[in-house]
Structures are given as C-alpha cells and as structure tokens.
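A.B. asks: Input my_file.cif, format and content: mmCIF, C-alpha atoms and all ligand atoms.
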data_model
loop_
_atom_site.label_atom_id
_atom_site.label_comp_id
_atom_site.auth_asym_id
_atom_site.auth_seq_id
_atom_site.Cartn_x
_atom_site.Cartn_y
_atom_site.Cartn_z
CA MET A 25 -0.35 -24.73 51.42
CA LYS A 26 -0.42 -26.50 48.04
CA ILE A 27 -2.60 -24.88 45.39
CA ALA A 28 -3.93 -26.45 42.19
CA PHE A 29 -5.27 -24.49 39.22
CA LEU A 30 -7.60 -25.95 36.57
CA GLY A 31 -8.14 -24.03 33.31
CA LEU A 32 -5.33 -22.01 31.80
CA GLY A 33 -7.20 -19.84 29.29
CA ILE A 34 -7.08 -16.07 28.84
CA MET A 35 -7.88 -15.52 32.54
CA GLY A 36 -6.61 -18.70 34.19
CA ARG A 37 -3.07 -18.53 32.88
CA PRO A 38 -2.16 -15.08 34.27
CA MET A 39 -4.00 -15.84 37.53
CA ALA A 40 -2.00 -19.04 37.95
CA GLU A 41 1.20 -17.16 37.06
CA ASN A 42 0.50 -14.63 39.83
CA LEU A 43 0.14 -17.43 42.38
CA LEU A 44 3.42 -18.97 41.18
CA ALA A 45 5.21 -15.63 41.21
CA ALA A 46 4.20 -15.17 44.87
CA GLY A 47 6.04 -18.40 45.71
CA HIS A 48 3.15 -20.85 46.00
CA GLU A 49 3.69 -24.49 45.12
CA LEU A 50 1.34 -24.87 42.15
CA ILE A 51 -0.16 -27.88 40.41
CA VAL A 52 -1.82 -27.14 37.06
CA TRP A 53 -4.23 -28.95 34.76
CA ASN A 54 -5.76 -27.88 31.46
CA ARG A 55 -7.92 -29.87 29.03
CA THR A 56 -5.48 -29.04 26.22
CA ALA A 57 -2.40 -30.24 28.03
CA GLU A 58 0.19 -28.26 26.03
CA ARG A 59 -1.16 -25.04 27.57
CA CYS A 60 0.39 -26.21 30.87
CA LYS A 61 3.93 -26.04 29.44
CA PRO A 62 4.60 -22.30 30.01
CA LEU A 63 3.53 -22.73 33.64
CA GLU A 64 5.71 -25.84 34.01
CA ARG A 65 8.69 -23.83 32.79
CA LYS A 66 7.99 -21.39 35.63
CA GLY A 67 7.97 -24.15 38.24
CA ALA A 68 4.43 -25.55 38.26
CA VAL A 69 3.82 -29.30 38.36
CA ILE A 70 1.41 -30.71 35.75
CA ALA A 71 -1.43 -32.98 36.90
CA VAL A 72 -2.81 -35.48 34.39
CA THR A 73 -6.43 -35.16 35.52
CA PRO A 74 -8.54 -32.78 37.62
CA ALA A 75 -8.80 -35.51 40.28
CA ALA A 76 -5.01 -35.78 40.41
CA ALA A 77 -4.76 -32.00 40.84
CA VAL A 78 -7.19 -32.11 43.77
CA ALA A 79 -5.42 -35.10 45.32
CA ALA A 80 -2.09 -33.23 45.23
CA SER A 81 -3.38 -29.94 46.67
CA ASP A 82 -5.08 -28.39 49.69
CA ILE A 83 -7.04 -25.78 47.72
CA CYS A 84 -7.98 -26.33 44.07
CA ILE A 85 -9.08 -23.31 41.99
CA ALA A 86 -10.86 -23.56 38.63
CA MET A 87 -11.28 -20.95 35.87
CA LEU A 88 -13.29 -22.63 33.12
CA ALA A 89 -15.32 -21.51 30.13
CA ASP A 90 -18.96 -22.06 31.06
CA PRO A 91 -21.42 -24.20 33.07
CA GLU A 92 -20.83 -27.20 30.80
CA ALA A 93 -17.04 -27.05 31.27
CA ALA A 94 -17.32 -26.37 35.02
CA SER A 95 -19.65 -29.38 35.44
CA GLU A 96 -17.60 -31.71 33.24
CA VAL A 97 -14.39 -30.96 35.15
CA VAL A 98 -16.10 -31.76 38.46
CA PHE A 99 -18.38 -34.66 37.50
CA GLY A 100 -16.55 -36.22 34.51
CA ASP A 101 -14.19 -39.22 34.50
CA ALA A 102 -11.28 -38.47 36.81
CA GLY A 103 -13.06 -35.26 37.75
CA VAL A 104 -12.63 -33.12 40.85
CA GLN A 105 -15.40 -34.90 42.76
CA LYS A 106 -13.53 -38.21 42.64
CA ALA A 107 -10.73 -36.82 44.82
CA ILE A 108 -12.74 -34.74 47.29
CA ILE A 109 -12.35 -36.00 50.86
CA PRO A 110 -12.61 -34.08 54.14
CA GLY A 111 -9.86 -31.45 54.24
CA LYS A 112 -10.02 -30.66 50.51
CA SER A 113 -11.25 -27.29 49.24
CA TYR A 114 -12.55 -26.30 45.82
CA ILE A 115 -12.98 -22.73 44.56
CA ASP A 116 -14.70 -22.23 41.20
CA MET A 117 -13.91 -18.80 39.73
CA SER A 118 -15.60 -19.50 36.35
CA THR A 119 -18.69 -17.47 35.40
CA VAL A 120 -21.57 -19.91 35.71
CA ASP A 121 -25.23 -19.61 36.67
CA PRO A 122 -26.28 -19.89 40.34
CA LEU A 123 -27.89 -23.31 39.78
CA THR A 124 -24.67 -24.81 38.39
CA ALA A 125 -22.66 -23.34 41.29
CA ARG A 126 -25.14 -24.74 43.83
CA THR A 127 -25.10 -28.20 42.19
CA ILE A 128 -21.31 -28.32 42.22
CA GLY A 129 -21.16 -26.97 45.77
CA ARG A 130 -23.66 -29.50 47.08
CA GLU A 131 -21.71 -32.45 45.66
CA ILE A 132 -18.34 -31.19 46.91
CA GLU A 133 -19.82 -30.72 50.39
CA ALA A 134 -21.55 -34.13 50.26
CA ALA A 135 -18.10 -35.65 49.78
CA GLY A 136 -16.80 -33.78 52.84
CA GLY A 137 -15.02 -30.92 51.06
CA ARG A 138 -15.47 -27.15 51.28
CA PHE A 139 -16.78 -25.15 48.30
CA LEU A 140 -16.65 -21.49 47.37
CA GLU A 141 -17.76 -19.86 44.12
CA ALA A 142 -15.70 -16.80 43.26
CA PRO A 143 -16.38 -15.40 39.78
CA VAL A 144 -14.48 -12.25 38.88
CA SER A 145 -15.15 -8.85 37.42
CA GLY A 146 -12.24 -7.59 35.32
CA SER A 147 -10.63 -8.88 32.16
CA LYS A 148 -7.24 -10.06 30.84
CA ARG A 149 -5.24 -7.01 32.00
CA PRO A 150 -6.64 -7.03 35.57
CA ALA A 151 -5.94 -10.79 35.66
CA GLU A 152 -2.33 -10.06 34.71
CA GLU A 153 -2.03 -7.17 37.16
CA GLY A 154 -3.75 -9.01 40.02
CA SER A 155 -6.46 -6.35 40.17
CA LEU A 156 -9.63 -8.40 39.66
CA VAL A 157 -12.81 -7.88 41.71
CA ILE A 158 -13.66 -11.23 43.33
CA LEU A 159 -17.33 -12.03 44.00
CA ALA A 160 -17.24 -14.89 46.49
CA ALA A 161 -20.08 -16.88 48.03
CA GLY A 162 -20.42 -20.23 49.75
CA ASN A 163 -18.26 -21.62 52.56
CA ARG A 164 -17.22 -18.69 54.78
CA SER A 165 -14.24 -20.44 56.39
CA LEU A 166 -12.84 -21.24 52.93
CA TYR A 167 -13.32 -17.58 51.99
CA GLU A 168 -11.25 -16.56 55.05
CA ASP A 169 -8.56 -19.13 54.24
CA ALA A 170 -8.43 -18.02 50.60
CA LEU A 171 -8.00 -14.30 51.37
CA PRO A 172 -4.19 -14.39 50.98
CA LEU A 173 -4.73 -15.90 47.50
CA PHE A 174 -7.50 -13.43 46.62
CA ASN A 175 -5.16 -10.60 47.64
CA LEU A 176 -2.71 -11.82 44.99
CA LEU A 177 -5.38 -12.13 42.31
CA GLY A 178 -7.57 -9.12 43.01
CA LYS A 179 -7.78 -5.56 44.27
CA LYS A 180 -11.17 -6.12 45.90
CA HIS A 181 -13.07 -9.11 47.20
CA LEU A 182 -16.56 -9.44 48.63
CA TYR A 183 -18.28 -12.26 50.47
CA LEU A 184 -21.86 -12.28 49.20
CA GLY A 185 -23.51 -15.09 51.21
CA ALA A 186 -24.87 -18.46 50.10
CA THR A 187 -23.56 -20.23 46.99
CA GLY A 188 -25.24 -18.72 43.92
CA GLN A 189 -25.02 -15.12 45.07
CA GLY A 190 -21.57 -14.68 43.49
CA GLY A 191 -22.77 -15.94 40.12
CA ALA A 192 -25.89 -13.77 40.30
CA MET A 193 -23.79 -10.66 41.04
CA LYS A 194 -21.41 -11.51 38.18
CA LEU A 195 -24.32 -11.89 35.73
CA LEU A 196 -25.58 -8.42 36.73
CA VAL A 197 -22.17 -6.99 35.87
CA ASN A 198 -21.98 -8.68 32.50
CA MET A 199 -25.56 -8.08 31.38
CA THR A 200 -24.92 -4.38 32.05
CA MET A 201 -21.59 -4.43 30.23
CA GLY A 202 -23.06 -6.38 27.30
CA GLY A 203 -25.87 -3.87 26.89
CA MET A 204 -23.55 -0.88 27.24
CA MET A 205 -21.41 -2.32 24.46
CA THR A 206 -24.27 -2.82 21.99
CA LEU A 207 -25.56 0.69 22.69
CA LEU A 208 -22.12 2.19 22.10
CA CYS A 209 -21.83 0.24 18.84
CA GLU A 210 -25.26 1.43 17.67
CA ALA A 211 -24.30 5.04 18.47
CA LEU A 212 -21.06 4.67 16.48
CA ALA A 213 -22.95 3.02 13.60
CA LEU A 214 -25.54 5.81 13.47
CA GLY A 215 -22.76 8.39 13.82
CA LYS A 216 -21.05 6.89 10.77
CA ARG A 217 -24.25 7.29 8.71
CA CYS A 218 -24.53 10.90 9.92
CA ASP A 219 -20.93 11.58 8.80
CA LEU A 220 -19.86 12.20 12.36
CA ASN A 221 -16.27 11.43 13.24
CA ALA A 222 -15.85 8.44 15.62
CA GLU A 223 -13.03 10.12 17.54
CA GLU A 224 -15.20 13.15 18.13
CA ILE A 225 -18.18 11.03 19.18
CA LEU A 226 -15.98 9.30 21.75
CA GLU A 227 -14.53 12.65 22.86
CA VAL A 228 -18.06 14.00 23.46
CA PHE A 229 -19.12 10.82 25.30
CA ALA A 230 -15.99 10.99 27.50
CA ALA A 231 -16.68 14.59 28.47
CA GLY A 232 -20.19 14.09 29.88
CA ALA A 233 -22.27 12.00 32.26
CA ILE A 234 -22.04 8.85 30.08
CA ALA A 235 -18.23 8.73 30.35
CA ASN A 236 -16.95 5.35 31.54
CA PRO A 237 -13.73 3.31 31.38
CA MET A 238 -15.18 0.70 29.03
CA PHE A 239 -16.18 3.22 26.35
CA ALA A 240 -12.75 4.85 26.69
CA MET A 241 -10.98 1.50 26.33
CA LYS A 242 -13.07 -0.19 23.67
CA GLY A 243 -14.39 2.80 21.70
CA PRO A 244 -11.21 3.51 19.71
CA LYS A 245 -10.80 -0.23 18.97
CA ILE A 246 -14.34 -0.47 17.60
CA ALA A 247 -13.76 2.61 15.46
CA ALA A 248 -10.55 1.02 14.10
CA ALA A 249 -12.30 -2.37 13.59
CA GLU A 250 -9.63 -4.00 15.78
CA HIS A 251 -10.82 -6.66 18.18
CA PRO A 252 -7.82 -8.27 19.94
CA VAL A 253 -9.43 -10.76 22.28
CA ASN A 254 -9.59 -9.94 25.98
CA PHE A 255 -13.09 -11.21 26.67
CA PRO A 256 -14.27 -13.61 23.94
CA LEU A 257 -17.62 -12.68 22.40
CA LYS A 258 -18.83 -16.28 22.82
CA HIS A 259 -18.44 -15.92 26.60
CA MET A 260 -20.38 -12.62 26.64
CA GLN A 261 -23.24 -14.30 24.79
CA LYS A 262 -23.07 -17.16 27.32
CA ASP A 263 -23.38 -14.64 30.17
CA LEU A 264 -26.39 -12.93 28.56
CA ARG A 265 -28.00 -16.33 28.03
CA LEU A 266 -27.44 -17.15 31.72
CA ALA A 267 -28.73 -13.73 32.86
CA ILE A 268 -31.90 -14.21 30.80
CA ALA A 269 -32.42 -17.67 32.33
CA LEU A 270 -32.02 -16.13 35.80
CA GLY A 271 -34.55 -13.47 34.82
CA ASP A 272 -36.96 -16.25 33.78
CA GLU A 273 -36.45 -18.04 37.08
CA LYS A 274 -37.02 -14.86 39.10
CA GLN A 275 -39.85 -13.60 36.84
CA GLN A 276 -37.90 -10.39 36.15
CA PRO A 277 -38.46 -8.99 32.65
CA LEU A 278 -35.13 -8.19 30.95
CA HIS A 279 -36.14 -6.51 27.68
CA THR A 280 -32.83 -4.73 27.06
CA VAL A 281 -30.72 -7.79 27.86
CA ALA A 282 -32.85 -9.95 25.56
CA THR A 283 -32.31 -7.50 22.70
CA ALA A 284 -28.57 -7.32 23.37
CA ASN A 285 -28.46 -11.12 23.44
CA GLU A 286 -29.89 -11.29 19.91
CA LEU A 287 -27.17 -8.93 18.69
CA TYR A 288 -24.43 -11.15 20.18
CA LYS A 289 -26.12 -14.24 18.69
CA GLN A 290 -26.01 -12.50 15.31
CA ALA A 291 -22.31 -11.76 15.82
CA LEU A 292 -21.72 -15.43 16.69
CA ALA A 293 -23.52 -16.40 13.47
CA ASP A 294 -21.27 -13.91 11.65
CA GLY A 295 -18.22 -15.84 12.90
CA CYS A 296 -17.09 -13.41 15.63
CA GLY A 297 -17.23 -15.78 18.63
CA GLU A 298 -13.49 -16.00 19.17
CA LEU A 299 -12.96 -12.24 18.78
CA ASP A 300 -13.34 -9.75 21.60
CA PHE A 301 -16.95 -9.01 22.58
CA SER A 302 -16.47 -5.54 21.06
CA ALA A 303 -16.66 -7.32 17.67
CA VAL A 304 -20.45 -7.21 18.08
CA GLY A 305 -19.88 -3.77 16.49
CA GLN A 306 -19.06 -5.48 13.19
CA SER A 307 -22.54 -6.99 12.98
CA ILE A 308 -24.12 -3.71 14.05
CA GLY A 309 -22.20 -1.67 11.45
CA ALA A 310 -20.12 0.42 13.86
P1 LIG B 1 -10.96 -19.08 27.66
O1 LIG B 1 -9.72 -18.37 27.32
O2 LIG B 1 -11.91 -19.48 26.61
O3 LIG B 1 -10.54 -20.38 28.54
C1 LIG B 1 -11.50 -21.34 28.86
C2 LIG B 1 -10.87 -22.46 29.66
O4 LIG B 1 -11.88 -23.47 29.88
C3 LIG B 1 -9.71 -23.16 28.93
O5 LIG B 1 -8.77 -23.58 29.90
C4 LIG B 1 -10.41 -24.35 28.29
O6 LIG B 1 -9.55 -25.44 28.04
C5 LIG B 1 -11.38 -24.71 29.38
N1 LIG B 1 -12.48 -25.55 28.90
C6 LIG B 1 -13.44 -25.23 28.00
N2 LIG B 1 -14.32 -26.24 27.82
C7 LIG B 1 -13.88 -27.25 28.64
C8 LIG B 1 -14.36 -28.55 28.93
N3 LIG B 1 -15.47 -29.04 28.34
N4 LIG B 1 -13.66 -29.30 29.81
C9 LIG B 1 -12.55 -28.82 30.40
N5 LIG B 1 -12.04 -27.59 30.19
C10 LIG B 1 -12.71 -26.81 29.32
O7 LIG B 1 -11.84 -18.23 28.71
P2 LIG B 1 -11.42 -17.09 29.72
O8 LIG B 1 -11.55 -15.78 29.06
O9 LIG B 1 -10.15 -17.47 30.41
O10 LIG B 1 -12.64 -17.17 30.73
C11 LIG B 1 -12.73 -18.18 31.74
C12 LIG B 1 -13.99 -17.87 32.57
O11 LIG B 1 -13.87 -16.57 33.16
C13 LIG B 1 -15.29 -17.84 31.75
O12 LIG B 1 -16.33 -18.32 32.55
C14 LIG B 1 -15.48 -16.36 31.46
O13 LIG B 1 -16.84 -16.03 31.24
C15 LIG B 1 -14.94 -15.76 32.75
N6 LIG B 1 -14.41 -14.39 32.62
C16 LIG B 1 -13.65 -14.02 31.55
C17 LIG B 1 -13.15 -12.73 31.48
C18 LIG B 1 -12.33 -12.25 30.30
O14 LIG B 1 -12.23 -11.02 30.14
N7 LIG B 1 -11.74 -13.08 29.49
C19 LIG B 1 -13.40 -11.83 32.51
C20 LIG B 1 -14.15 -12.24 33.62
C21 LIG B 1 -14.64 -13.54 33.67
P3 LIG B 1 -8.80 -25.59 26.60
O15 LIG B 1 -7.54 -24.79 26.73
O16 LIG B 1 -8.58 -27.04 26.46
O17 LIG B 1 -9.75 -25.05 25.55
#
Starting from the coordinates I provided, produce the structure as structure tokens.
Ligand code: NAP
C.D. replies:
Amino acid sequence: MKIAFLGLGIMGRPMAENLLAAGHELIVWNRTAERCKPLERKGAVIAVTPAAAVAASDICIAMLADPEAASEVVFGDAGVQKAIIPGKSYIDMSTVDPLTARTIGREIEAAGGRFLEAPVSGSKRPAEEGSLVILAAGNRSLYEDALPLFNLLGKKHLYLGATGQGGAMKLLVNMTMGGMMTLLCEALALGKRCDLNAEEILEVFAAGAIANPMFAMKGPKIAAAEHPVNFPLKHMQKDLRLAIALGDEKQQPLHTVATANELYKQALADGCGELDFSAVGQSIGA
C-alpha cells in the first residue's frame, strides 16, 4: 500500500518518519518544499503538488495548520480533489472545525474517493513516539483499512461516527487544555505577587486533586520563562476560535473559553504566536 503525507510541520514530520521507519513506501509534499528533504534522505519520494501525491498513492494523509490550509490543499490549484478517483482515500489529521471537515469529506466522496477525519490529541513528543490519541470519524471502511497506520502513529484510536465528530471531540480537548493553561499561568502570576515560590506552588498542585501531566510538564517551563515550541500558541488560539464558533452554532455558552481566547489573542498581539502555547504566561505575568 502506497502512502502519501501532506504537511511536514512539527507534527507531520515525525508522523511521516514513523510511517517510513515501519517500511512503508512514502510520498511526501509540503508547501515549503525544502522541508521534504530530510524525509527524502530517509527514502521518501517528493511529490510536486498535493494532486501528484494523491495520484501516486492509495491512502493520502494530511497534517496541516488550520481550516484555511486544509481547504487550500484540497481545493486549490493542483489540489487533492483534482486527483481523487474511485479507489483513492484521503485522511485529514489536521485540527479543523466540523464544517470544514464535512465540506472536504463531501467533495472527496463526490469524486468517488473515501474520506476520514482523524485529528489527534498529543503533541510533538507523542508524535515522535507514535503515542498519539487518534479521533477518527467518517468512512468506516477507511478507518478499518487505516488501523495498521494508526497503530504506528498512536497508542489509542477511536471511531466517533459521522464526519465532524472527530473535530468536535478534538476541540473539546483543546478548549479544556487552553483554559487549564491560562488558569495555571494566573495562579503562578498571583503567586509571584504573593512572594510564593513557583517550584513550591507546582509541588503543592502536584500533590493534590488538581495534579495533571500538563501542569507537571509545562509548569517548570513557565516558571523559567522558557517556551520551546511543541504546540504553537497561534494554533491554540485557532482551536479556541473554532470551539467558540462551534459553541455559537450549538447555542452553548462558553464563558471560560471566551475569556481564555482573549488571553491568547493578547499573547498573539504581544508577538508570542510562534512560541509554545505556554507563552500565554508571558502576557499574564506568570
Ligand atoms: P506547524 O508546525 O505549524 O505545521 C503546519 C503545516 O501546515 C506545515 O506543513 C505548513 O507548511 C502547512 N501549511 C500552513 N498553511 C498552509 C497553506 N496555506 N497551504 C499549504 N500548507 C500549509 O503545525 P503542527 O504543530 O504540525 O500542527 C499541524 C496540525 O495539527 C494543526 O492543525 C494543529 O492544530 C494540530 N495539532 C498540533 C499539535 C502540536 O502539539 N503541535 C498537537 C495536536 C494537533 P509550511 O512548512 O510551508 O509552512
């Protein structure tokens, strides 16, 4: 089975590397072509366009920045859609909103292809270790066929139903994570003003009911004002924006998410978009 991979960013590159390392024939494409070179050195073949990648593969996987990128790669000149014919399969693992996933899915299916959305929970390290949580929805037979690939990329995978359900689940994860992060940063900022030691704050948090892996991982980095990028802040703000839009559509008030979103927007305005999302702490004063 020939696999293509579109989008070799923080997540896409290690995911593609895991597929290569398992012995799959891999075709790669990235908007900034030079990012394909490390994969080519490991045996991947570079495609010049998304359509060429689809034409050369049985299953094409994408891991792109946002709804705009995911749509452009499918519907743009020499996009995925141009090469979809019966027998082709497209799996979009990018975090997008349900509407974008459904629009892409409908067009792929109209051209005779199979479509699955499969956003992931887990960051750079889980992508490298192949321990992502894969939130799939859409074509069930494609899900079954992709399981050997998902087993290489993730430690857990779920089939959640109709296209859109994967994106919705992913937005729940990230709106929760985004809000947890801003709350942690506000606690550290207030602690600083109270002359409490950040290490001790984190020690106390880790010992009680609010202990969690994210605080343990990110807390010391925030205290040290170090924000090596695993999950870019600009993408967290995108996910909050998408969660709020979903809340609008479903008439679900999201007061906490809306407040968190403003904090990430402030951090974007402060020039932190390319840093890790923990850099929201800089704007909060953590
Ligand atoms: P990233 O490092 O910013 O990579 C984004 C990728 O999208 C790059 O390959 C980029 O190409 C491509 N791209 C952006 N705009 C494009 C456009 N208009 N047309 C074509 N390609 C375009 O992002 P990432 O961290 O790998 O995240 C990828 C997706 O996974 C996002 O939806 C993100 O929300 C989600 N996610 C990320 C994490 C994480 O911890 N990082 C975890 C879970 C899910 P260039 O190289 O040319 O810029």
A.B. asks: With ligand LIG 1 (chain B) as the partner and 9 Å as the cut-off, tabulate the residues of chain A that qualify, each row holding the nearest pair of atoms and their distance in Å to one decimal, using all atoms listed in the file, sorted by chain and rising number, as a Markdown table.
C.D. replies:
| residue | atom | partner | partner_atom | distance |
| --- | --- | --- | --- | --- |
| A:Leu30 | CA | B:LIG1 | O5 | 7.2 |
| A:Gly31 | CA | B:LIG1 | O5 | 3.5 |
| A:Leu32 | CA | B:LIG1 | O5 | 4.2 |
| A:Gly33 | CA | B:LIG1 | O3 | 3.5 |
| A:Ile34 | CA | B:LIG1 | O9 | 3.7 |
| A:Met35 | CA | B:LIG1 | O9 | 3.7 |
| A:Gly36 | CA | B:LIG1 | O9 | 5.3 |
| A:Arg37 | CA | B:LIG1 | O9 | 7.6 |
| A:Trp53 | CA | B:LIG1 | O5 | 8.5 |
| A:Asn54 | CA | B:LIG1 | O5 | 5.5 |
| A:Arg55 | CA | B:LIG1 | O16 | 3.9 |
| A:Thr56 | CA | B:LIG1 | O16 | 3.7 |
| A:Ala57 | CA | B:LIG1 | O16 | 7.1 |
| A:Glu58 | CA | B:LIG1 | O15 | 8.5 |
| A:Arg59 | CA | B:LIG1 | O15 | 6.4 |
| A:Ala86 | CA | B:LIG1 | O4 | 8.8 |
| A:Met87 | CA | B:LIG1 | C11 | 5.2 |
| A:Leu88 | CA | B:LIG1 | O4 | 3.6 |
| A:Ala89 | CA | B:LIG1 | O4 | 4.0 |
| A:Asp90 | CA | B:LIG1 | O12 | 4.8 |
| A:Pro91 | CA | B:LIG1 | O12 | 7.8 |
| A:Glu92 | CA | B:LIG1 | N3 | 6.2 |
| A:Ala93 | CA | B:LIG1 | C8 | 3.9 |
| A:Ala94 | CA | B:LIG1 | N4 | 7.0 |
| A:Ser95 | CA | B:LIG1 | N4 | 8.2 |
| A:Glu96 | CA | B:LIG1 | N4 | 5.8 |
| A:Val97 | CA | B:LIG1 | C9 | 5.5 |
| A:Gly100 | CA | B:LIG1 | N4 | 8.9 |
| A:Met117 | CA | B:LIG1 | O11 | 6.9 |
| A:Ser118 | CA | B:LIG1 | O12 | 4.0 |
| A:Thr119 | CA | B:LIG1 | O12 | 3.8 |
| A:Val120 | CA | B:LIG1 | O12 | 6.3 |
| A:Pro143 | CA | B:LIG1 | C21 | 6.6 |
| A:Val144 | CA | B:LIG1 | C20 | 5.3 |
| A:Ser145 | CA | B:LIG1 | C20 | 5.2 |
| A:Gly146 | CA | B:LIG1 | C19 | 5.2 |
| A:Ser147 | CA | B:LIG1 | O14 | 3.3 |
| A:Lys148 | CA | B:LIG1 | O14 | 5.1 |
| A:Arg149 | CA | B:LIG1 | O14 | 8.3 |
| A:Pro150 | CA | B:LIG1 | O14 | 8.8 |
| A:Ala151 | CA | B:LIG1 | C19 | 8.2 |
| A:Leu156 | CA | B:LIG1 | C20 | 8.5 |
| A:Lys194 | CA | B:LIG1 | C21 | 8.4 |
| A:Asn198 | CA | B:LIG1 | C20 | 8.7 |
| A:Val253 | CA | B:LIG1 | N7 | 7.9 |
| A:Asn254 | CA | B:LIG1 | O14 | 5.0 |
| A:Phe255 | CA | B:LIG1 | O14 | 3.6 |
| A:Pro256 | CA | B:LIG1 | N7 | 6.1 |
| A:Lys258 | CA | B:LIG1 | O2 | 8.5 |
| A:His259 | CA | B:LIG1 | O13 | 4.9 |
| A:Met260 | CA | B:LIG1 | O13 | 6.7 |
| A:Lys262 | CA | B:LIG1 | O13 | 7.4 |
| A:Asp263 | CA | B:LIG1 | O13 | 6.8 |
| A:Glu298 | CA | B:LIG1 | O2 | 8.4 |
| A:Asp300 | CA | B:LIG1 | O14 | 8.7 |
A.B. asks: Which of these residues is nearest to Leu278 (chain A), using only C-alpha atoms: A:Val69, A:Leu166, A:Leu266, A:Ile115?
C.D. replies: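 Ranking A:Val69, A:Leu166, A:Leu266, A:Ile115 by distance to Leu278 (chain A), first place goes to A:Leu266.
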A.B. asks: Between A:Ile83, A:Leu264, A:Val72, A:Ala45, which has the minimum distance to Asn285 (chain A) (counting only C-alpha atoms)?
C.D. replies: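 Ranking A:Ile83, A:Leu264, A:Val72, A:Ala45 by distance to Asn285 (chain A), first place goes to A:Leu264.
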A.B. asks: Need to verify the contact set: Ala310 (chain A), 7 Å, all atoms listed in the file, exclusion of same-chain residues closer than 3 positions in sequence. Can you return it as an MDAnalysis selection string?
C.D. replies: chainID A and resid 209:210 212:213 246:247 305:306
A.B. asks: State, in Å with one decimal place, the distance from CA of Ile225 (chain A) to CA of Leu292 (chain A).
C.D. replies: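 The value is 26.8 Å.
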A.B. asks: Closest to Ser113 (chain A) among A:Ser165, A:Gln189, A:Asn236, A:Thr206, using all atoms listed in the file?
C.D. replies: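 Checking each of A:Ser165, A:Gln189, A:Asn236, A:Thr206 against Ser113 (chain A), counting all atoms listed in the file, the winner is A:Ser165.
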A.B. asks: List as a PyMOL selection string the protein and nucleic acid residues near region 184-188 of chain A, meaning an atom at most 9 Å away when all atoms listed in the file are counted, but skip any in the same chain fewer than 5 places from it.
C.D. replies: chain A and resi 121-126+129+139-141+159-164+193
A.B. asks: Go through A:Lys66, A:Lys289, A:His181, A:His251 one by one, measure the shortest atom-to-atom distance of each to His48 (chain A) using only C-alpha atoms, and give the residue with the smallest value.
C.D. replies: A:Lys66
A.B. asks: Could you state the separation of CA of Gly295 (chain A) and CA of Lys245 (chain A) in Å, given to one decimal place?
C.D. replies: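 Going from CA of Gly295 (chain A) over to CA of Lys245 (chain A) covers 18.3 Å.
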A.B. asks: Smallest atom-to-atom distance to Ser307 (chain A): which of A:Gly191, A:Met201, A:Ala282, A:Ala249, using all atoms listed in the file?
C.D. replies: A:Ala249
A.B. asks: For Ala267 (chain A), please output as a compact mmCIF listing (two decimals) with C-alpha atoms, in the coordinates of the input all residues within 7 Å (counting only C-alpha atoms; exclusion window: fewer than 4 positions along the same chain).
C.D. replies:
# COMPACT_ATOMS: atom_id res chain seq x y z
CA LEU A 195 -24.32 -11.89 35.73
CA MET A 199 -25.56 -8.08 31.38
CA ASP A 263 -23.38 -14.64 30.17
CA GLY A 271 -34.55 -13.47 34.82
A.B. asks: Provide the CA of Ile108 (chain A) to CA of Leu270 (chain A) distance in Å, to one decimal place.
C.D. replies: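 According to the coordinates, CA of Ile108 (chain A) and CA of Leu270 (chain A) are separated by 29.2 Å.
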A.B. asks: If I wrap all listed atoms of region 51-62 of chain A in a box with edges along x, y and z and add 8 Å on each side, what are its centre and edge lengths in Å to one decimal, as lines of an AutoDock Vina configuration file?
C.D. replies:
center_x = -1.7
center_y = -26.3
center_z = 33.2
size_x = 28.5
size_y = 23.9
size_z = 30.4
A.B. asks: Env of Tyr288 (chain A): 8 Å cut, atoms = all atoms listed in the file, seq-sep filter 6 positions within chain, self excluded. Answer as a VMD selection string.
C.D. replies: chain A and resid 257 260 to 261 304
A.B. asks: My list of candidates is A:Glu286, A:Glu250, A:Asp82, A:Glu64. Which is closest to Ile27 (chain A) when distances are computed with all atoms listed in the file?
C.D. replies: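 Result for the nearest residue to Ile27 (chain A): A:Asp82.
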A.B. asks: Give me, as a VMD selection string, all polymer residues having an atom no more than 9 Å from Ile109 (chain A), counting only C-alpha atoms and skipping those fewer than 2 positions away in the same chain.
C.D. replies: chain A and resid 79 105 to 107 111 to 113 132 135 to 137
